Amino acid sequence: MKTAVVTDSTCYLPEEVVRKHHITVVPIPFVLNGVAYNEGVDITTAEFYEKLKHSKTLPSTSQPPLGEMLKIYEDLGNQGYDNIISIHLAGTISGLVDTLRTAVKSVTNTHVYVFDSHYTVLLMGTMVLKAAEMAEAGDDPEKIIATLTRLRDTADCYFVVDDLKNLVKGGRLSNAAGFIGGLLQIKPLLTFNQEDKIVAIEKIRSLKRAYNRVEQLFDEKVKTFDYPIRCYVISDDHDTAIAFRDRMQAKYPNLPFEVGYFGPVIGSHLGAKALGFGWMEDYQKI
């Protein structure tokens, strides 16, 4: 049996990884300054953040056209794939997962498994990569889904944004009341709660202090792990990500660290100068 892996562009996996493992990546559409783009197709990440600096309105995102998604599934079925694992960004960020779960019932030439990663960016990207490796090895879909669920259940993250207005306006900050800190220059510390919703958990006065707090919280968390973990540092600013990675790597030399980025779609929600630090069970040791 052949299994294909499909995901969306917020996985932010390197192009060479996508090609090597034959992963189908569907671009997420967004609008900036009244112009529609497809992430990873019509505009680079650097171009997006440069345009964002001068934008008078906040960008907005939408779902890929459903017809295009169904055609991708049907085409893969016609290519001889018996199963498709379709892995996507958190259903609490986008309605894509719910849309697909209903729509795939109409696909008759292959079996589509829609998986909610509960996250996005490189945490989701790692799940996509693991699924692709397992599919190449001939593992059955149920085993792949079980492994993805295991990874998802061990994932966690903290992230810091420079300004809350994008998250608040987009309705993606669940406890926005009381955390509207733009005028006070508050740098909120955010995470995903047990319902996989983005919530602010602390108000901090500067980005430097916020980064320090992320480190402190991880210091407490890491003591509780009874399995090997892999860490992820993500930012729209590469130098910021590298500096934080080096700082944490020096403290935890035996842990593997990867660096990722916030592309246009996630950047539309977080704005510029965001930093994320996440971790989950090391996929290479499962």
# chains A, B, ... in the order shown; residues from 1 in each chain; ligands from 1
call {"tool": "residues_around", "arguments": {"residues": "region 109-111 of chain A", "least_positions_apart": "5", "cutoff": "7 Å", "atoms": "only C-alpha atoms", "output": "PyMOL selection string"}}
result
chain A and resi 74+77+81-84
call {"tool": "select_by_dssp", "arguments": {"residues": "region 3-147 of chain A", "states": "strand (DSSP E or B)", "output": "ChimeraX atom specification"}}
result
/A:3-8,24-26,29-32,35-39,43,60-61,83-88,111-116
call {"tool": "write_last_selection", "arguments": {"atoms": "N, CA and C atoms", "output": "mmCIF file, in the first residue's frame"}}
result
data_model
loop_
_atom_site.group_PDB
_atom_site.id
_atom_site.type_symbol
_atom_site.label_atom_id
_atom_site.label_comp_id
_atom_site.auth_asym_id
_atom_site.auth_seq_id
_atom_site.Cartn_x
_atom_site.Cartn_y
_atom_site.Cartn_z
ATOM 1 N N THR A 3 1.242 5.362 0.645
ATOM 2 C CA THR A 3 0.654 6.458 1.418
ATOM 3 C C THR A 3 1.342 7.764 1.059
ATOM 4 N N ALA A 4 0.556 8.775 0.748
ATOM 5 C CA ALA A 4 1.069 10.113 0.445
ATOM 6 C C ALA A 4 0.875 11.011 1.656
ATOM 7 N N VAL A 5 1.691 12.058 1.734
ATOM 8 C CA VAL A 5 1.574 13.038 2.812
ATOM 9 C C VAL A 5 1.306 14.406 2.208
ATOM 10 N N VAL A 6 0.251 15.048 2.704
ATOM 11 C CA VAL A 6 -0.148 16.393 2.278
ATOM 12 C C VAL A 6 -0.135 17.293 3.494
ATOM 13 N N THR A 7 0.267 18.534 3.315
ATOM 14 C CA THR A 7 0.230 19.503 4.410
ATOM 15 C C THR A 7 -0.023 20.883 3.829
ATOM 16 N N ASP A 8 -0.017 21.887 4.694
ATOM 17 C CA ASP A 8 -0.178 23.256 4.209
ATOM 18 C C ASP A 8 1.122 24.029 4.397
ATOM 19 N N THR A 24 3.382 16.894 -0.469
ATOM 20 C CA THR A 24 2.565 17.874 -1.181
ATOM 21 C C THR A 24 2.217 19.007 -0.226
ATOM 22 N N VAL A 25 2.645 20.216 -0.559
ATOM 23 C CA VAL A 25 2.400 21.383 0.291
ATOM 24 C C VAL A 25 1.394 22.305 -0.400
ATOM 25 N N VAL A 26 0.286 22.549 0.275
ATOM 26 C CA VAL A 26 -0.770 23.405 -0.271
ATOM 27 C C VAL A 26 -0.606 24.821 0.272
ATOM 28 N N PRO A 29 -3.730 31.034 1.363
ATOM 29 C CA PRO A 29 -3.863 32.392 0.823
ATOM 30 C C PRO A 29 -3.905 33.442 1.943
ATOM 31 N N PHE A 30 -3.412 34.632 1.633
ATOM 32 C CA PHE A 30 -3.548 35.758 2.547
ATOM 33 C C PHE A 30 -3.614 37.043 1.742
ATOM 34 N N VAL A 31 -4.107 38.093 2.391
ATOM 35 C CA VAL A 31 -4.257 39.393 1.738
ATOM 36 C C VAL A 31 -3.468 40.429 2.522
ATOM 37 N N LEU A 32 -2.637 41.197 1.824
ATOM 38 C CA LEU A 32 -1.841 42.259 2.432
ATOM 39 C C LEU A 32 -1.951 43.501 1.556
ATOM 40 N N VAL A 35 -3.895 43.147 -1.637
ATOM 41 C CA VAL A 35 -3.395 42.252 -2.676
ATOM 42 C C VAL A 35 -3.397 40.817 -2.148
ATOM 43 N N ALA A 36 -3.930 39.902 -2.950
ATOM 44 C CA ALA A 36 -4.003 38.500 -2.551
ATOM 45 C C ALA A 36 -2.722 37.765 -2.942
ATOM 46 N N TYR A 37 -2.223 36.940 -2.036
ATOM 47 C CA TYR A 37 -1.020 36.151 -2.265
ATOM 48 C C TYR A 37 -1.271 34.705 -1.858
ATOM 49 N N ASN A 38 -0.486 33.797 -2.421
ATOM 50 C CA ASN A 38 -0.421 32.420 -1.948
ATOM 51 C C ASN A 38 0.925 32.240 -1.270
ATOM 52 N N GLU A 39 0.898 31.824 -0.012
ATOM 53 C CA GLU A 39 2.140 31.704 0.755
ATOM 54 C C GLU A 39 3.115 30.744 0.081
ATOM 55 N N ILE A 43 5.163 35.382 -2.995
ATOM 56 C CA ILE A 43 5.907 36.369 -2.214
ATOM 57 C C ILE A 43 6.833 35.635 -1.256
ATOM 58 N N SER A 60 -4.813 39.621 6.354
ATOM 59 C CA SER A 60 -5.813 38.615 6.714
ATOM 60 C C SER A 60 -5.507 37.330 5.964
ATOM 61 N N THR A 61 -5.954 36.223 6.514
ATOM 62 C CA THR A 61 -5.696 34.919 5.901
ATOM 63 C C THR A 61 -7.008 34.198 5.617
ATOM 64 N N ASN A 83 -3.658 5.646 0.390
ATOM 65 C CA ASN A 83 -3.975 6.447 1.569
ATOM 66 C C ASN A 83 -3.266 7.795 1.488
ATOM 67 N N ILE A 84 -3.870 8.789 2.132
ATOM 68 C CA ILE A 84 -3.267 10.117 2.230
ATOM 69 C C ILE A 84 -3.367 10.570 3.677
ATOM 70 N N ILE A 85 -2.230 10.976 4.247
ATOM 71 C CA ILE A 85 -2.225 11.613 5.564
ATOM 72 C C ILE A 85 -2.134 13.103 5.321
ATOM 73 N N SER A 86 -3.171 13.845 5.686
ATOM 74 C CA SER A 86 -3.235 15.290 5.429
ATOM 75 C C SER A 86 -3.126 16.021 6.762
ATOM 76 N N ILE A 87 -1.967 16.656 6.980
ATOM 77 C CA ILE A 87 -1.618 17.231 8.284
ATOM 78 C C ILE A 87 -1.667 18.755 8.195
ATOM 79 N N HIS A 88 -2.398 19.396 9.118
ATOM 80 C CA HIS A 88 -2.603 20.838 8.973
ATOM 81 C C HIS A 88 -2.509 21.592 10.298
ATOM 82 N N HIS A 111 -8.113 6.836 0.484
ATOM 83 C CA HIS A 111 -8.596 7.073 1.859
ATOM 84 C C HIS A 111 -7.791 8.221 2.448
ATOM 85 N N VAL A 112 -8.467 9.308 2.826
ATOM 86 C CA VAL A 112 -7.795 10.490 3.351
ATOM 87 C C VAL A 112 -7.969 10.559 4.864
ATOM 88 N N TYR A 113 -6.846 10.631 5.578
ATOM 89 C CA TYR A 113 -6.835 10.828 7.021
ATOM 90 C C TYR A 113 -6.463 12.290 7.279
ATOM 91 N N VAL A 114 -7.360 13.069 7.854
ATOM 92 C CA VAL A 114 -7.088 14.480 8.158
ATOM 93 C C VAL A 114 -6.626 14.572 9.611
ATOM 94 N N PHE A 115 -5.436 15.122 9.805
ATOM 95 C CA PHE A 115 -4.841 15.175 11.143
ATOM 96 C C PHE A 115 -4.627 16.627 11.566
ATOM 97 N N ASP A 116 -5.197 16.993 12.714
ATOM 98 C CA ASP A 116 -5.010 18.321 13.304
ATOM 99 C C ASP A 116 -3.732 18.287 14.141
#
call {"tool": "residues_around", "arguments": {"residues": "region 152-162 of chain A", "least_positions_apart": "3", "cutoff": "6 Å", "atoms": "only C-alpha atoms", "output": "PyMOL selection string"}}
result
chain A and resi 149+187+189-191+273-281
call {"tool": "select_by_dssp", "arguments": {"residues": "region 82-264 of chain A", "states": "alpha helix (DSSP H)", "output": "ChimeraX atom specification"}}
result
/A:96-103,121-136,141-154,165-169,207-222,238-251,264
call {"tool": "residues_around", "arguments": {"residues": "Gly138 (chain A)", "least_positions_apart": "5", "cutoff": "9 Å", "atoms": "only C-alpha atoms", "output": "mmCIF file with C-alpha atoms, in the first residue's frame"}}
result
data_model
loop_
_atom_site.group_PDB
_atom_site.id
_atom_site.type_symbol
_atom_site.label_atom_id
_atom_site.label_comp_id
_atom_site.auth_asym_id
_atom_site.auth_seq_id
_atom_site.Cartn_x
_atom_site.Cartn_y
_atom_site.Cartn_z
ATOM 1 C CA MET A 1 0.000 0.000 0.000
ATOM 2 C CA LYS A 2 1.231 3.479 -0.883
ATOM 3 C CA THR A 3 0.654 6.458 1.418
ATOM 4 C CA GLU A 133 9.548 9.032 6.537
#
call {"tool": "atom_distance", "arguments": {"atom1": "CA of Leu122 (chain A)", "atom2": "CA of Tyr12 (chain A)"}}
result
6.4 Å
call {"tool": "atom_distance", "arguments": {"atom1": "CA of Thr57 (chain A)", "atom2": "CA of Asp42 (chain A)"}}
result
19.5 Å
